[in-house]
Amino acid sequence: MALTVTIGYMLFSNKLPKLSALSEYQPPLVSRVYNTDGELLAEYADEHRILAPFKDIPKKLKNAFLAAEDQQFYEHPGINPARIASAALANLKAGHTVQGGSTITQQVAKNFLLTSEKSYTRKIREAILAYRIEQAFSKDDILYLYLNHIYLGRGSYGVASAAWRYFHKSLDELTLAECATLAGLPKSPGRYAPHINPKKALQRRNTVLDLMQRNGMATLNAVARAKREVLNLKPIVTSKLSDAYADQVYRELSGRFGVNTLRRQGLTIVIPYDKEAQDAAVKAVRRNVLDVEHRQDYRYPVHHPESAWPALLAEWRKTSGANPPPPSSHALIPALVEAVDEKGNITVNDGNRLWQLKKPKWRWKSIKKYEKGGLSEEAIAALKLRPRTWIPGDEVRLQGLRKPGVRLSQEPSVESALYAIDLERGTVLARVGGYNYKTSGFDRIEKAMRQPGSAFKPLLYASALATGSTAATIVMDTPVVFDNRRGDDYWRPENYKNKFAGPVPLRNALEHSRNLASIKILQNVGIRRFLEDLERYPLGRTFPSQLALALGATEITPEALTESYILLADQGRKWKPIAVQQVQDRTGKTLHRAVAGKRCQVCHVDPVMSVNESMRPAQQILDPIDAFLITNIMKGVVENGTGRRARALQRPSAGKTGTTNKQVDAWYMGYTPQVLTAVWTGRDIPTTMGRYETGSRAALPAWLDAMQSFHKHKKIHDFIPPEGVEWVAIDRKTGLLPGPESEDIFLEAFRADTAPTKESPSKTKYSGEQDSNKEPGFFELGL
């Protein structure tokens, strides 16, 4: 018999796994993202595990697992023959498996070193390994491995993870009842999961409590109190990161460390996330998109026969809940037209409430547009048969108002994106990739290549200042035609509304976004010089040598343009906004730290931190004086020009609108000394949004909405001029010193010793707007 056992032992011991997986225990851990206040924002994990040192696991939790899983754990040598025999007898009587005989040590052997194969061979190998584990490790070490590794349902591995995912508690906060609940899960995490089967979970919890009392691990009174405790489960914590900001953080982390490290190595990550600012930005974009959509053609709605109404309304009622809040101004809810009176007023039902709406003043999309859009002949024929008004059975969308009530709307055909940078902290403040980023997943900030139009002009005007022009330099805003020198084609650029102002100061040209003046400024600067200057901005591309660059007739991403504006907003300095501030590994070692250039020179002392790209000091690209001067001119865009809507911010700001041909793209780029924000609005497939959808109308309202939220608790600051700037009173119309007949005099900023010295003549020949039919000058294209 002894010989048989010895031979069997030697046979099954052959090629058993080594125990190094236990001695070098480095399990997959959850990586956690926090804001700078220490609030948990998000988690990344393949296995959600939080490693808990043995000393930090409460005794009552250890006892609960011992009572439920292995009451003789501290007495047996790794296997428990009496328990195996008892389990075998119980299973034989039941005709199927009702009781396990494995000890905690055997479970460690199976979970770490073997598969879950159900065979006698595996059980024998498991028993041998359990014996070896007992010889190599202390009982506390084995229990530590078990409590940190075991799967406990709801995606949680180990007791610390389970405590958090079931109860939102750390281990030391668990009650006796909660300890017993967790200890009841290993037997069958699905069957006894409290969020799936609360009744069975309570029964199992009480069984564990009885076992604890029976084995002297808990008093009678403590068990009685624990049994009376209500099961207080918490929902699984979802990510507080939203929209394109969430994706930017994940993209940066996975790019720097790899997905495997990010999801399995228990990184501790700190980011500068401001949830209030991000939420405000999302709402601002959504509200603005719905406002722009309200000015688009109304598309024929889906129509439902009356027999389908009850099921449809019931489905909406189920989705929204019994007592839904009033519709918000930044979201849509479905509704059904139930009645239309003789005046065109409509009654709609959203499944919970009836709404009475006055006849909507909306322009219907023409049949011709449907035909051009490629709609089938059958569908076109059906549209021609129905009236161009709302009829009972139409499925519509409702948008809440900021005051009580709703208005008719439709799913947007227009998109928008917003990117905000905290200039004081050097961090990403908000990032919104689209109207419904959760559905599309397309980050228009990073990936949408769009024409910036006049939003590109400040970069040109900064070059003009750097080459000797001033805000008072006179430029001609007059018609011009360019010959392409290779054929009979001509390029005749135009101003908005085809009006021309004649000789105007450079400030006026930018304030009113005068195209012809801008082209002549580019001619003065020189295309080659301007292209060299553009290479210094973080635009991420090269540009063709063409005069149309003066009008922003090129393609760039909102991200590239916004980060280029940092040079204008932050005294000519170039730096990358930070989205991830610090990353530490599971031991607390700092792997990455980032600050934006000038904001933390002390951190550069640490070689671990200073070697990475994110710790390099900001580069001085523009002369600080030129950066201030262009900012000061852009303040005039807000005060007197195309960005006047931004005055509602009621604090100093600089900005620039941008609108491309046929109102395909609309931009507003603007900043205060504290925050830089960019908004783009347009369609994903570039098509017109309508004649009046300019940057001022289709983008600036979202900028204003968001910036009002960003500055809610900020003091009012103005832009501070650097040394070397002087202020001189000039005539706004002539750009010269005031003369006897000057009517509009104001203080202009100049680089020292560059202000005009001549006085405005008594009789100026400066005319106002000129007729667009005036004979234009001719130039060869490609200067």
# chains A, B, ... in the order shown; residues from 1 in each chain; ligands from 1

$ select_by_dssp --residues "range 495-531 of chain A" --states "helix (DSSP H, G or I)" --output "list in words"
Tyr496, Lys497, Asn498, Leu506, Arg507, Asn508, Ala509, Leu510, Glu511, Asn515, Leu516, Ala517, Ser518, Ile519, Lys520, Ile521, Leu522, Gln523, Asn524, Val525, Ile527, Arg528, Arg529, Phe530 and Leu531 of chain A

$ write_last_selection --atoms "N, CA and C atoms" --output "PDB file, in the first residue's frame"
ATOM      1  N   TYR A 496     -17.267  89.744 -46.828  1.00  0.00           N
ATOM      2  CA  TYR A 496     -18.616  89.353 -46.452  1.00  0.00           C
ATOM      3  C   TYR A 496     -19.596  90.453 -46.872  1.00  0.00           C
ATOM      4  N   LYS A 497     -20.667  90.080 -47.513  1.00  0.00           N
ATOM      5  CA  LYS A 497     -21.682  90.987 -48.066  1.00  0.00           C
ATOM      6  C   LYS A 497     -21.126  91.853 -49.203  1.00  0.00           C
ATOM      7  N   ASN A 498     -19.907  91.499 -49.671  1.00  0.00           N
ATOM      8  CA  ASN A 498     -19.334  92.142 -50.856  1.00  0.00           C
ATOM      9  C   ASN A 498     -19.204  93.660 -50.697  1.00  0.00           C
ATOM     10  N   LEU A 506      -4.862  98.600 -39.677  1.00  0.00           N
ATOM     11  CA  LEU A 506      -4.754  97.148 -39.546  1.00  0.00           C
ATOM     12  C   LEU A 506      -5.720  96.627 -38.485  1.00  0.00           C
ATOM     13  N   ARG A 507      -5.868  97.363 -37.381  1.00  0.00           N
ATOM     14  CA  ARG A 507      -6.819  96.954 -36.334  1.00  0.00           C
ATOM     15  C   ARG A 507      -8.218  96.785 -36.926  1.00  0.00           C
ATOM     16  N   ASN A 508      -8.677  97.759 -37.686  1.00  0.00           N
ATOM     17  CA  ASN A 508     -10.013  97.711 -38.265  1.00  0.00           C
ATOM     18  C   ASN A 508     -10.158  96.516 -39.192  1.00  0.00           C
ATOM     19  N   ALA A 509      -9.099  96.201 -39.924  1.00  0.00           N
ATOM     20  CA  ALA A 509      -9.153  95.075 -40.868  1.00  0.00           C
ATOM     21  C   ALA A 509      -9.412  93.766 -40.144  1.00  0.00           C
ATOM     22  N   LEU A 510      -8.784  93.584 -38.964  1.00  0.00           N
ATOM     23  CA  LEU A 510      -9.004  92.339 -38.218  1.00  0.00           C
ATOM     24  C   LEU A 510     -10.320  92.377 -37.458  1.00  0.00           C
ATOM     25  N   GLU A 511     -10.642  93.529 -36.874  1.00  0.00           N
ATOM     26  CA  GLU A 511     -11.891  93.628 -36.109  1.00  0.00           C
ATOM     27  C   GLU A 511     -13.089  93.259 -36.971  1.00  0.00           C
ATOM     28  N   ASN A 515     -11.445  90.648 -45.800  1.00  0.00           N
ATOM     29  CA  ASN A 515     -10.665  89.687 -46.573  1.00  0.00           C
ATOM     30  C   ASN A 515      -9.638  90.353 -47.485  1.00  0.00           C
ATOM     31  N   LEU A 516     -10.062  91.383 -48.212  1.00  0.00           N
ATOM     32  CA  LEU A 516      -9.151  92.005 -49.174  1.00  0.00           C
ATOM     33  C   LEU A 516      -7.966  92.652 -48.480  1.00  0.00           C
ATOM     34  N   ALA A 517      -8.232  93.281 -47.354  1.00  0.00           N
ATOM     35  CA  ALA A 517      -7.135  93.873 -46.581  1.00  0.00           C
ATOM     36  C   ALA A 517      -6.182  92.793 -46.094  1.00  0.00           C
ATOM     37  N   SER A 518      -6.720  91.655 -45.693  1.00  0.00           N
ATOM     38  CA  SER A 518      -5.878  90.559 -45.181  1.00  0.00           C
ATOM     39  C   SER A 518      -4.982  90.005 -46.279  1.00  0.00           C
ATOM     40  N   ILE A 519      -5.504  89.897 -47.487  1.00  0.00           N
ATOM     41  CA  ILE A 519      -4.677  89.423 -48.597  1.00  0.00           C
ATOM     42  C   ILE A 519      -3.517  90.378 -48.835  1.00  0.00           C
ATOM     43  N   LYS A 520      -3.800  91.669 -48.749  1.00  0.00           N
ATOM     44  CA  LYS A 520      -2.732  92.642 -48.977  1.00  0.00           C
ATOM     45  C   LYS A 520      -1.725  92.641 -47.828  1.00  0.00           C
ATOM     46  N   ILE A 521      -2.187  92.336 -46.635  1.00  0.00           N
ATOM     47  CA  ILE A 521      -1.251  92.173 -45.518  1.00  0.00           C
ATOM     48  C   ILE A 521      -0.324  90.995 -45.776  1.00  0.00           C
ATOM     49  N   LEU A 522      -0.873  89.892 -46.288  1.00  0.00           N
ATOM     50  CA  LEU A 522      -0.035  88.735 -46.600  1.00  0.00           C
ATOM     51  C   LEU A 522       0.973  89.085 -47.700  1.00  0.00           C
ATOM     52  N   GLN A 523       0.544  89.868 -48.678  1.00  0.00           N
ATOM     53  CA  GLN A 523       1.489  90.296 -49.708  1.00  0.00           C
ATOM     54  C   GLN A 523       2.626  91.118 -49.097  1.00  0.00           C
ATOM     55  N   ASN A 524       2.290  91.966 -48.135  1.00  0.00           N
ATOM     56  CA  ASN A 524       3.313  92.794 -47.488  1.00  0.00           C
ATOM     57  C   ASN A 524       4.267  91.951 -46.647  1.00  0.00           C
ATOM     58  N   VAL A 525       3.703  90.993 -45.908  1.00  0.00           N
ATOM     59  CA  VAL A 525       4.535  90.115 -45.082  1.00  0.00           C
ATOM     60  C   VAL A 525       5.405  89.225 -45.965  1.00  0.00           C
ATOM     61  N   ILE A 527       4.662  85.613 -48.610  1.00  0.00           N
ATOM     62  CA  ILE A 527       4.197  84.244 -48.338  1.00  0.00           C
ATOM     63  C   ILE A 527       5.301  83.394 -47.721  1.00  0.00           C
ATOM     64  N   ARG A 528       6.510  83.529 -48.219  1.00  0.00           N
ATOM     65  CA  ARG A 528       7.603  82.708 -47.691  1.00  0.00           C
ATOM     66  C   ARG A 528       7.804  82.983 -46.202  1.00  0.00           C
ATOM     67  N   ARG A 529       7.803  84.263 -45.820  1.00  0.00           N
ATOM     68  CA  ARG A 529       7.987  84.601 -44.405  1.00  0.00           C
ATOM     69  C   ARG A 529       6.831  84.053 -43.571  1.00  0.00           C
ATOM     70  N   PHE A 530       5.611  84.170 -44.083  1.00  0.00           N
ATOM     71  CA  PHE A 530       4.464  83.678 -43.318  1.00  0.00           C
ATOM     72  C   PHE A 530       4.525  82.171 -43.144  1.00  0.00           C
ATOM     73  N   LEU A 531       4.926  81.454 -44.199  1.00  0.00           N
ATOM     74  CA  LEU A 531       5.040  79.996 -44.092  1.00  0.00           C
ATOM     75  C   LEU A 531       6.103  79.607 -43.071  1.00  0.00           C
TER      76      LEU A 531
END

$ select_by_dssp --residues "range 429-466 of chain A" --states "strand (DSSP E)" --output "ChimeraX atom specification"
/A:429-432

$ residues_around --residues "Gln571 in chain A" --least-positions-apart "6" --cutoff "10 Å" --atoms "only C-alpha atoms" --output "CSV table (one decimal) with all heavy atoms, in the first residue's frame"
chain,number,residue,atom,x,y,z
A,620,GLN,N,9.8,80.2,-26.0
A,620,GLN,CA,9.4,81.6,-26.4
A,620,GLN,C,9.4,81.7,-27.9
A,620,GLN,O,10.5,81.8,-28.5
A,620,GLN,CB,10.3,82.6,-25.7
A,620,GLN,CG,9.8,84.0,-25.8
A,620,GLN,CD,8.6,84.3,-24.9
A,620,GLN,OE1,8.6,84.0,-23.8
A,620,GLN,NE2,7.5,84.8,-25.5
A,621,ILE,N,8.2,81.7,-28.5
A,621,ILE,CA,8.2,81.7,-30.0
A,621,ILE,C,7.9,83.1,-30.5
A,621,ILE,O,8.6,83.6,-31.4
A,621,ILE,CB,7.1,80.7,-30.5
A,621,ILE,CG1,7.3,79.3,-30.0
A,621,ILE,CG2,6.9,80.8,-32.0
A,621,ILE,CD1,8.6,78.7,-30.5
A,622,LEU,N,6.9,83.8,-30.0
A,622,LEU,CA,6.6,85.1,-30.4
A,622,LEU,C,7.2,86.1,-29.4
A,622,LEU,O,7.4,85.8,-28.2
A,622,LEU,CB,5.1,85.4,-30.5
A,622,LEU,CG,4.3,84.5,-31.4
A,622,LEU,CD1,2.8,84.9,-31.4
A,622,LEU,CD2,4.8,84.5,-32.8
A,623,ASP,N,7.5,87.3,-29.9
A,623,ASP,CA,7.9,88.3,-29.0
A,623,ASP,C,6.7,88.7,-28.1
A,623,ASP,O,5.6,88.8,-28.6
A,623,ASP,CB,8.3,89.6,-29.8
A,623,ASP,CG,8.9,90.7,-29.0
A,623,ASP,OD1,8.3,91.0,-27.9
A,623,ASP,OD2,9.9,91.3,-29.4
A,624,PRO,N,6.9,88.7,-26.8
A,624,PRO,CA,5.8,89.0,-25.9
A,624,PRO,C,5.1,90.3,-26.2
A,624,PRO,O,3.9,90.4,-26.0
A,624,PRO,CB,6.5,89.1,-24.5
A,624,PRO,CG,7.7,88.3,-24.6
A,624,PRO,CD,8.2,88.5,-26.0
A,625,ILE,N,5.8,91.3,-26.8
A,625,ILE,CA,5.1,92.5,-27.1
A,625,ILE,C,4.2,92.3,-28.3
A,625,ILE,O,3.0,92.7,-28.3
A,625,ILE,CB,6.2,93.6,-27.5
A,625,ILE,CG1,7.0,94.0,-26.3
A,625,ILE,CG2,5.5,94.8,-28.1
A,625,ILE,CD1,8.1,95.0,-26.5
A,626,ASP,N,4.6,91.5,-29.3
A,626,ASP,CA,3.8,91.2,-30.4
A,626,ASP,C,2.6,90.4,-30.0
A,626,ASP,O,1.4,90.6,-30.5
A,626,ASP,CB,4.5,90.5,-31.5
A,626,ASP,CG,5.6,91.3,-32.2
A,626,ASP,OD1,5.4,92.6,-32.2
A,626,ASP,OD2,6.6,90.8,-32.7
A,627,ALA,N,2.8,89.4,-29.1
A,627,ALA,CA,1.6,88.6,-28.6
A,627,ALA,C,0.6,89.5,-27.9
A,627,ALA,O,-0.6,89.3,-28.1
A,627,ALA,CB,2.2,87.5,-27.6
A,628,PHE,N,1.1,90.5,-27.1
A,628,PHE,CA,0.2,91.4,-26.4
A,628,PHE,C,-0.6,92.3,-27.4
A,628,PHE,O,-1.8,92.5,-27.3
A,628,PHE,CB,0.9,92.3,-25.4
A,628,PHE,CG,0.0,93.3,-24.8
A,628,PHE,CD1,-0.9,93.0,-23.8
A,628,PHE,CD2,0.0,94.6,-25.3
A,628,PHE,CE1,-1.8,93.9,-23.3
A,628,PHE,CE2,-0.9,95.6,-24.7
A,628,PHE,CZ,-1.8,95.2,-23.7
A,629,LEU,N,0.2,92.8,-28.4
A,629,LEU,CA,-0.4,93.7,-29.4
A,629,LEU,C,-1.5,93.0,-30.2
A,629,LEU,O,-2.6,93.6,-30.5
A,629,LEU,CB,0.6,94.2,-30.3
A,629,LEU,CG,1.7,95.2,-29.7
A,629,LEU,CD1,2.7,95.6,-30.7
A,629,LEU,CD2,1.0,96.4,-29.0
A,631,THR,N,-3.2,90.4,-29.2
A,631,THR,CA,-4.3,90.2,-28.2
A,631,THR,C,-5.1,91.5,-28.1
A,631,THR,O,-6.4,91.5,-28.0
A,631,THR,CB,-3.8,89.7,-26.9
A,631,THR,OG1,-3.2,88.4,-27.1
A,631,THR,CG2,-4.9,89.7,-25.8
A,719,PHE,N,-5.7,91.8,-19.7
A,719,PHE,CA,-4.4,91.4,-20.2
A,719,PHE,C,-3.4,92.5,-19.8
A,719,PHE,O,-3.6,93.7,-20.0
A,719,PHE,CB,-4.5,91.3,-21.7
A,719,PHE,CG,-5.5,90.3,-22.2
A,719,PHE,CD1,-6.8,90.7,-22.5
A,719,PHE,CD2,-5.2,88.9,-22.2
A,719,PHE,CE1,-7.7,89.7,-22.9
A,719,PHE,CE2,-6.1,88.0,-22.6
A,719,PHE,CZ,-7.4,88.4,-23.0
A,720,ILE,N,-2.3,92.0,-19.2
A,720,ILE,CA,-1.2,92.9,-18.7
A,720,ILE,C,-0.2,93.1,-19.8
A,720,ILE,O,0.4,92.1,-20.3
A,720,ILE,CB,-0.6,92.3,-17.5
A,720,ILE,CG1,-1.6,92.1,-16.4
A,720,ILE,CG2,0.6,93.2,-17.0
A,720,ILE,CD1,-1.1,91.4,-15.1
A,721,PRO,N,0.1,94.3,-20.2
A,721,PRO,CA,1.1,94.6,-21.2
A,721,PRO,C,2.5,94.3,-20.7
A,721,PRO,O,2.8,94.7,-19.5
A,721,PRO,CB,0.9,96.1,-21.6
A,721,PRO,CG,0.3,96.7,-20.4
A,721,PRO,CD,-0.6,95.6,-19.8
A,722,PRO,N,3.4,93.8,-21.5
A,722,PRO,CA,4.8,93.6,-21.1
A,722,PRO,C,5.5,94.9,-21.2
A,722,PRO,O,5.1,95.9,-21.7
A,722,PRO,CB,5.3,92.5,-22.1
A,722,PRO,CG,4.5,92.8,-23.3
A,722,PRO,CD,3.2,93.2,-22.8

$ atom_distance --atom1 "CA of Ala226 in chain A" --atom2 "CA of Asn63 in chain A"
14.6 Å

$ residues_around --residues "Val348 in chain A" --least-positions-apart "2" --cutoff "8 Å" --atoms "only C-alpha atoms" --output "ChimeraX atom specification"
/A:335-339,346,350,354-357

$ residues_around --residues "Pro538 in chain A" --least-positions-apart "3" --cutoff "10 Å" --atoms "only C-alpha atoms" --output "list in words"
Leu534, Glu535, Arg541, Glu559, Ala560, Leu561, Thr562, Glu563, Ser564, Tyr565, Ile566, Leu567, Lys574, Trp575 and Lys576 of chain A

$ write_last_selection --atoms "all heavy atoms" --output "tab-separated table (two decimals), in the first residue's frame"
chain	number	residue	atom	x	y	z
A	534	LEU	N	4.52	80.04	-39.70
A	534	LEU	CA	3.54	79.00	-39.39
A	534	LEU	C	4.20	77.73	-38.89
A	534	LEU	O	3.61	76.97	-38.10
A	534	LEU	CB	2.69	78.70	-40.62
A	534	LEU	CG	1.69	79.77	-41.04
A	534	LEU	CD1	0.94	79.34	-42.30
A	534	LEU	CD2	0.70	80.08	-39.93
A	535	GLU	N	5.43	77.46	-39.33
A	535	GLU	CA	6.13	76.26	-38.88
A	535	GLU	C	6.42	76.30	-37.39
A	535	GLU	O	6.67	75.26	-36.78
A	535	GLU	CB	7.44	76.11	-39.66
A	535	GLU	CG	7.24	75.73	-41.13
A	535	GLU	CD	8.55	75.64	-41.88
A	535	GLU	OE1	9.61	75.85	-41.24
A	535	GLU	OE2	8.51	75.36	-43.10
A	541	ARG	N	1.23	70.46	-39.68
A	541	ARG	CA	1.24	70.26	-41.13
A	541	ARG	C	1.96	71.43	-41.80
A	541	ARG	O	2.23	72.45	-41.18
A	541	ARG	CB	-0.17	70.13	-41.69
A	541	ARG	CG	-1.07	71.32	-41.42
A	541	ARG	CD	-2.23	71.40	-42.39
A	541	ARG	NE	-1.76	71.61	-43.76
A	541	ARG	CZ	-2.55	71.75	-44.80
A	541	ARG	NH1	-3.87	71.70	-44.64
A	541	ARG	NH2	-2.08	71.94	-46.01
A	559	GLU	N	-7.99	71.12	-32.63
A	559	GLU	CA	-6.94	70.98	-31.63
A	559	GLU	C	-5.70	71.78	-32.02
A	559	GLU	O	-5.13	72.53	-31.21
A	559	GLU	CB	-6.57	69.51	-31.46
A	559	GLU	CG	-5.49	69.25	-30.42
A	559	GLU	CD	-5.24	67.78	-30.22
A	559	GLU	OE1	-4.76	67.11	-31.18
A	559	GLU	OE2	-5.52	67.26	-29.14
A	560	ALA	N	-5.28	71.65	-33.28
A	560	ALA	CA	-4.08	72.34	-33.73
A	560	ALA	C	-4.27	73.86	-33.69
A	560	ALA	O	-3.37	74.59	-33.25
A	560	ALA	CB	-3.72	71.89	-35.15
A	561	LEU	N	-5.42	74.34	-34.13
A	561	LEU	CA	-5.64	75.79	-34.14
A	561	LEU	C	-5.72	76.34	-32.72
A	561	LEU	O	-5.16	77.39	-32.41
A	561	LEU	CB	-6.91	76.12	-34.92
A	561	LEU	CG	-7.19	77.62	-35.12
A	561	LEU	CD1	-6.04	78.28	-35.86
A	561	LEU	CD2	-8.50	77.83	-35.85
A	562	THR	N	-6.41	75.62	-31.84
A	562	THR	CA	-6.56	76.09	-30.46
A	562	THR	C	-5.20	76.16	-29.76
A	562	THR	O	-4.89	77.15	-29.08
A	562	THR	CB	-7.50	75.16	-29.66
A	562	THR	OG1	-8.71	74.99	-30.40
A	562	THR	CG2	-7.81	75.74	-28.30
A	563	GLU	N	-4.39	75.13	-29.92
A	563	GLU	CA	-3.09	75.12	-29.26
A	563	GLU	C	-2.13	76.12	-29.89
A	563	GLU	O	-1.18	76.58	-29.24
A	563	GLU	CB	-2.52	73.70	-29.25
A	563	GLU	CG	-3.37	72.77	-28.38
A	563	GLU	CD	-2.87	71.34	-28.30
A	563	GLU	OE1	-1.78	71.05	-28.86
A	563	GLU	OE2	-3.56	70.50	-27.68
A	564	SER	N	-2.38	76.50	-31.14
A	564	SER	CA	-1.61	77.58	-31.75
A	564	SER	C	-1.98	78.93	-31.13
A	564	SER	O	-1.13	79.81	-30.98
A	564	SER	CB	-1.84	77.61	-33.26
A	564	SER	OG	-1.32	76.44	-33.87
A	565	TYR	N	-3.24	79.08	-30.77
A	565	TYR	CA	-3.69	80.33	-30.13
A	565	TYR	C	-3.06	80.52	-28.75
A	565	TYR	O	-3.07	81.63	-28.21
A	565	TYR	CB	-5.21	80.33	-30.00
A	565	TYR	CG	-5.94	81.05	-31.11
A	565	TYR	CD1	-5.87	80.60	-32.43
A	565	TYR	CD2	-6.71	82.18	-30.87
A	565	TYR	CE1	-6.54	81.25	-33.45
A	565	TYR	CE2	-7.39	82.84	-31.88
A	565	TYR	CZ	-7.31	82.37	-33.18
A	565	TYR	OH	-7.97	83.02	-34.18
A	566	ILE	N	-2.52	79.44	-28.16
A	566	ILE	CA	-1.83	79.60	-26.87
A	566	ILE	C	-0.71	80.62	-26.99
A	566	ILE	O	-0.48	81.43	-26.08
A	566	ILE	CB	-1.27	78.24	-26.39
A	566	ILE	CG1	-2.41	77.30	-25.99
A	566	ILE	CG2	-0.31	78.43	-25.22
A	566	ILE	CD1	-1.95	75.89	-25.64
A	567	LEU	N	-0.03	80.63	-28.13
A	567	LEU	CA	1.07	81.56	-28.32
A	567	LEU	C	0.59	83.01	-28.27
A	567	LEU	O	1.30	83.90	-27.79
A	567	LEU	CB	1.77	81.31	-29.67
A	567	LEU	CG	2.79	80.17	-29.71
A	567	LEU	CD1	2.12	78.81	-29.57
A	567	LEU	CD2	3.59	80.21	-31.00
A	574	LYS	N	5.02	78.78	-26.18
A	574	LYS	CA	4.46	77.56	-26.78
A	574	LYS	C	4.60	76.41	-25.79
A	574	LYS	O	5.70	76.11	-25.31
A	574	LYS	CB	5.23	77.24	-28.08
A	574	LYS	CG	4.79	75.96	-28.77
A	574	LYS	CD	5.67	75.75	-30.01
A	574	LYS	CE	5.35	74.44	-30.71
A	574	LYS	NZ	6.22	74.25	-31.91
A	575	TRP	N	3.49	75.78	-25.48
A	575	TRP	CA	3.49	74.62	-24.59
A	575	TRP	C	2.28	73.76	-24.88
A	575	TRP	O	1.32	74.21	-25.49
A	575	TRP	CB	3.50	75.03	-23.11
A	575	TRP	CG	2.59	76.15	-22.73
A	575	TRP	CD1	2.91	77.48	-22.66
A	575	TRP	CD2	1.21	76.07	-22.34
A	575	TRP	NE1	1.81	78.23	-22.28
A	575	TRP	CE2	0.75	77.38	-22.07
A	575	TRP	CE3	0.30	75.01	-22.21
A	575	TRP	CZ2	-0.55	77.66	-21.66
A	575	TRP	CZ3	-1.00	75.29	-21.81
A	575	TRP	CH2	-1.42	76.60	-21.55
A	576	LYS	N	2.34	72.53	-24.46
A	576	LYS	CA	1.27	71.56	-24.69
A	576	LYS	C	0.39	71.47	-23.45
A	576	LYS	O	0.87	71.21	-22.35
A	576	LYS	CB	1.86	70.18	-25.00
A	576	LYS	CG	0.84	69.08	-25.25
A	576	LYS	CD	0.16	69.24	-26.58
A	576	LYS	CE	-0.79	68.07	-26.86
A	576	LYS	NZ	-1.54	68.25	-28.12

$ residues_around --residues "Ala702 in chain A" --least-positions-apart "3" --cutoff "12 Å" --atoms "only C-alpha atoms" --output "PyMOL selection string"
chain A and resi 280-292+330+416-420+432+435+645-646+649+666-670+677-681+695-699+705-709

$ write_last_selection --atoms "C-alpha atoms" --output "mmCIF file, in the first residue's frame"
data_model
loop_
_atom_site.group_PDB
_atom_site.id
_atom_site.type_symbol
_atom_site.label_atom_id
_atom_site.label_comp_id
_atom_site.auth_asym_id
_atom_site.auth_seq_id
_atom_site.Cartn_x
_atom_site.Cartn_y
_atom_site.Cartn_z
ATOM 1 C CA ALA A 280 -20.925 72.858 -18.706
ATOM 2 C CA ALA A 281 -19.028 72.544 -21.981
ATOM 3 C CA VAL A 282 -21.049 69.508 -23.060
ATOM 4 C CA LYS A 283 -24.317 71.301 -22.327
ATOM 5 C CA ALA A 284 -23.154 74.452 -24.110
ATOM 6 C CA VAL A 285 -22.304 72.511 -27.266
ATOM 7 C CA ARG A 286 -25.543 70.561 -27.236
ATOM 8 C CA ARG A 287 -27.718 73.635 -26.649
ATOM 9 C CA ASN A 288 -25.981 75.527 -29.432
ATOM 10 C CA VAL A 289 -26.290 72.641 -31.893
ATOM 11 C CA LEU A 290 -30.021 72.429 -31.192
ATOM 12 C CA ASP A 291 -30.342 76.191 -31.688
ATOM 13 C CA VAL A 292 -28.541 75.978 -35.047
ATOM 14 C CA HIS A 330 -29.448 70.273 -23.949
ATOM 15 C CA SER A 416 -19.988 70.999 -33.096
ATOM 16 C CA ALA A 417 -16.884 70.645 -30.940
ATOM 17 C CA LEU A 418 -15.350 72.631 -28.077
ATOM 18 C CA TYR A 419 -11.815 72.691 -26.686
ATOM 19 C CA ALA A 420 -10.948 74.735 -23.582
ATOM 20 C CA VAL A 432 -16.222 68.037 -26.294
ATOM 21 C CA TYR A 435 -23.136 66.688 -30.066
ATOM 22 C CA ARG A 645 -21.773 88.893 -28.880
ATOM 23 C CA ALA A 646 -18.867 87.944 -26.597
ATOM 24 C CA LEU A 649 -19.183 87.700 -20.865
ATOM 25 C CA ALA A 666 -18.280 78.401 -38.301
ATOM 26 C CA TRP A 667 -15.658 79.127 -35.622
ATOM 27 C CA TYR A 668 -15.142 81.253 -32.594
ATOM 28 C CA MET A 669 -11.728 81.368 -30.958
ATOM 29 C CA GLY A 670 -11.574 83.448 -27.803
ATOM 30 C CA THR A 677 -11.772 78.249 -25.631
ATOM 31 C CA ALA A 678 -12.445 77.296 -29.240
ATOM 32 C CA VAL A 679 -15.757 76.253 -30.800
ATOM 33 C CA TRP A 680 -16.279 74.820 -34.282
ATOM 34 C CA THR A 681 -19.716 74.160 -35.793
ATOM 35 C CA GLY A 695 -19.010 82.145 -36.631
ATOM 36 C CA SER A 696 -20.738 84.853 -34.625
ATOM 37 C CA ARG A 697 -24.104 83.125 -34.844
ATOM 38 C CA ALA A 698 -23.335 79.394 -35.043
ATOM 39 C CA ALA A 699 -20.254 79.077 -32.799
ATOM 40 C CA ASP A 705 -22.337 79.732 -22.646
ATOM 41 C CA ALA A 706 -19.297 77.659 -21.675
ATOM 42 C CA MET A 707 -17.074 80.613 -20.759
ATOM 43 C CA GLN A 708 -19.723 82.034 -18.449
ATOM 44 C CA SER A 709 -19.624 78.739 -16.543
#
